[in-house]
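**Student:** Next up is a structure, given as structure tokens.
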Amino acid sequence: MIKREDKHRILILGASGFLGGSIYKELCSYFRTFGTYNTSNESLEKNNHFFQYNIEEDDVFEILDIVKPTIIISALRGGFSKQVLVHQHLTEYVFKNKIKIIFLSSANVFDAYIKYPSYEQDKTYSNSIYGHFKIKIENMLLRLPKKQIAILRLPMVFGAQSPRVQEMVQFVKEKKPIEVFPNLIMNVTNDYKVTQQIHYIINRNKSGIFHLGSNDLVHHNDFIKEIITSLELKNTAIYKRVYTTNDDRYLAVLPKFNKLPKHLQIKSQDILTELKI
């Protein structure tokens with residue numbers, strides 16, 4: 001029997017999404033865990049721990065007042081400008097109530113640095129709208145006391161139920177080409193490992209910036225082909241090679257200062273092994 005801990009009330013914003021849902025499943029047996037969902041969903045409507053929340057129309061303070069979380073996990077998706085506004089409200093709430101926020105960020109906060117991988121203390125710099133938006137929220141949160149934040153920078157997330165893998169399977173079925181980037185060197189992770197890492201960060205009350213990618217680097221095209229092989233689809237897959245530059249470019253977040261224990265680290269091979277099961 002799992003001993004439930006009541007020391008935390010956790011609110012996951014975006015709990016009906018792929019990663020948010022995985023985090024909810026990991027934490028709900030251990031903590032009083034609540035989540036939000038956007039689109040009407042009969043099974044979630046019956047669950048007293050879930051609240052319908054439309055980022056465009058609803059006020060996040062209403063949910064915060066009901067749940068009174070001690071930890072907020074932000075796995076939100078939606079319009080960038082609305083997300084920035086929501087995170088301004090969350091920052092105010094976190095500061096005022098002396099609670100903690102865990103924010104799922106992205107390797108894209110470094111997508112303008114193409115010559116080498118990035119570490120936790122490197123200055124963020126992006127050429128993409130997505131990267132800029134993540135940086136904006138990171139900078140907002142970094143003004144809070146360090147103990148009250150955990151910024152998790154994620155590389156590409158794979159996993160059997162991940163949108164990326166599901167899309168590949170669909171493309172193979174429909175005989176559509178899968179885009180691969182031969183010059184992109186990256187690291188990777190899956191939902192299974194990310195949720196374990198978040199659980200550890202909560203349990204050990206860790207804070208700061210975390211780079212949650214695999215310890216090794218892979219070429220995008222090689223890794224996608226290995227996924228297709230793991231799924232036993234390789235004879236029917238079609239690839240479209242996309243070259244954005246003539247040279248190799250990096251999009252990788254490696255840990256140097258804020259490393260997690262060995263059993264919480266991941267290698268790219270672990271992701272392929274999990275897909276074969």
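FYI, nothing fancy with the structure tokens labels: chains A, B, ... in order, residues from 1 per chain, ligands from 1 as they appear.
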Run DSSP on the backbone of this structure and report the residues of region 121-233 of chain A it assigns to strand (DSSP E), as a PyMOL selection string.
**Tutor:** chain A and resi 149-154+156-158+177-180+184-186+188-190+208-211+218-219
**Student:** How close does each residue of region 60-99 of chain A get to region 191-210 of chain A, giving the shortest atom pair and distance in Å to one decimal for every residue with an atom at most 12 Å away, counting only C-alpha atoms, sorted by chain and residue number, as a Markdown table?
**Tutor:**
| residue | atom | partner | partner_atom | distance |
| --- | --- | --- | --- | --- |
| A:Thr70 | CA | A:Ile202 | CA | 10.7 |
| A:Ile71 | CA | A:Ile202 | CA | 8.5 |
| A:Ile72 | CA | A:Ile202 | CA | 10.8 |
| A:Ile73 | CA | A:Ile198 | CA | 9.4 |
| A:Ser74 | CA | A:Ile198 | CA | 11.8 |
| A:Ala75 | CA | A:Thr195 | CA | 11.9 |
| A:Ile99 | CA | A:Asn205 | CA | 11.4 |
**Student:** DSSP on the backbone: what in region 178-227 of chain A comes out helix (DSSP H, G or I), as an NGL selection string?
**Tutor:** :A and (191-203 or 220-227)
**Student:** Those same residues - C-alpha atoms - I'd like them written as a PDB file, in the first residue's frame.
**Tutor:**
ATOM      1  CA  ASP A 191       7.887  10.927 -20.355  1.00  0.00           C
ATOM      2  CA  TYR A 192       8.671   7.987 -18.049  1.00  0.00           C
ATOM      3  CA  LYS A 193      12.018   9.461 -16.978  1.00  0.00           C
ATOM      4  CA  VAL A 194      10.814  13.098 -16.797  1.00  0.00           C
ATOM      5  CA  THR A 195       7.998  12.154 -14.395  1.00  0.00           C
ATOM      6  CA  GLN A 196      10.420  10.236 -12.141  1.00  0.00           C
ATOM      7  CA  GLN A 197      12.789  13.224 -12.142  1.00  0.00           C
ATOM      8  CA  ILE A 198       9.960  15.603 -11.180  1.00  0.00           C
ATOM      9  CA  HIS A 199       8.907  13.254  -8.367  1.00  0.00           C
ATOM     10  CA  TYR A 200      12.479  13.302  -7.032  1.00  0.00           C
ATOM     11  CA  ILE A 201      12.720  17.117  -7.284  1.00  0.00           C
ATOM     12  CA  ILE A 202       9.506  17.405  -5.233  1.00  0.00           C
ATOM     13  CA  ASN A 203      10.516  14.784  -2.645  1.00  0.00           C
ATOM     14  CA  HIS A 220      18.270  13.538 -35.351  1.00  0.00           C
ATOM     15  CA  ASN A 221      18.034  11.436 -38.520  1.00  0.00           C
ATOM     16  CA  ASP A 222      19.825   8.424 -36.961  1.00  0.00           C
ATOM     17  CA  PHE A 223      17.664   8.508 -33.852  1.00  0.00           C
ATOM     18  CA  ILE A 224      14.376   8.792 -35.773  1.00  0.00           C
ATOM     19  CA  LYS A 225      15.407   5.825 -37.930  1.00  0.00           C
ATOM     20  CA  GLU A 226      16.259   3.835 -34.800  1.00  0.00           C
ATOM     21  CA  ILE A 227      12.814   4.620 -33.373  1.00  0.00           C
TER      22      ILE A 227
END
**Student:** Measuring between only C-alpha atoms, which one of A:His263, A:Arg249, A:Lys82, A:His219 shows the shortest distance to Tyr116 (chain A)?
**Tutor:**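 Closest residue, counting only C-alpha atoms: A:Arg249.
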**Student:** Give me the residues within 10 Å of Phe103 (chain A) as a PyMOL selection string, counting only C-alpha atoms and dropping any in the same chain fewer than 5 places off.
**Tutor:** chain A and resi 13+72-76+87+134+137-138+141+149-153+209
**Student:** Using only C-alpha atoms, which of the listed residues (A:Val94, A:Ile66, A:Val242, A:Ile55) sits closest to Leu144 (chain A)?
**Tutor:**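 Distance minimum relative to Leu144 (chain A) lands on A:Val94.
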**Student:** Suppose you want the space between CA of Lys267 (chain A) and CA of Ile228 (chain A); what is it in Å?
**Tutor:**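 Between these atoms lies a distance of 17.7 Å.
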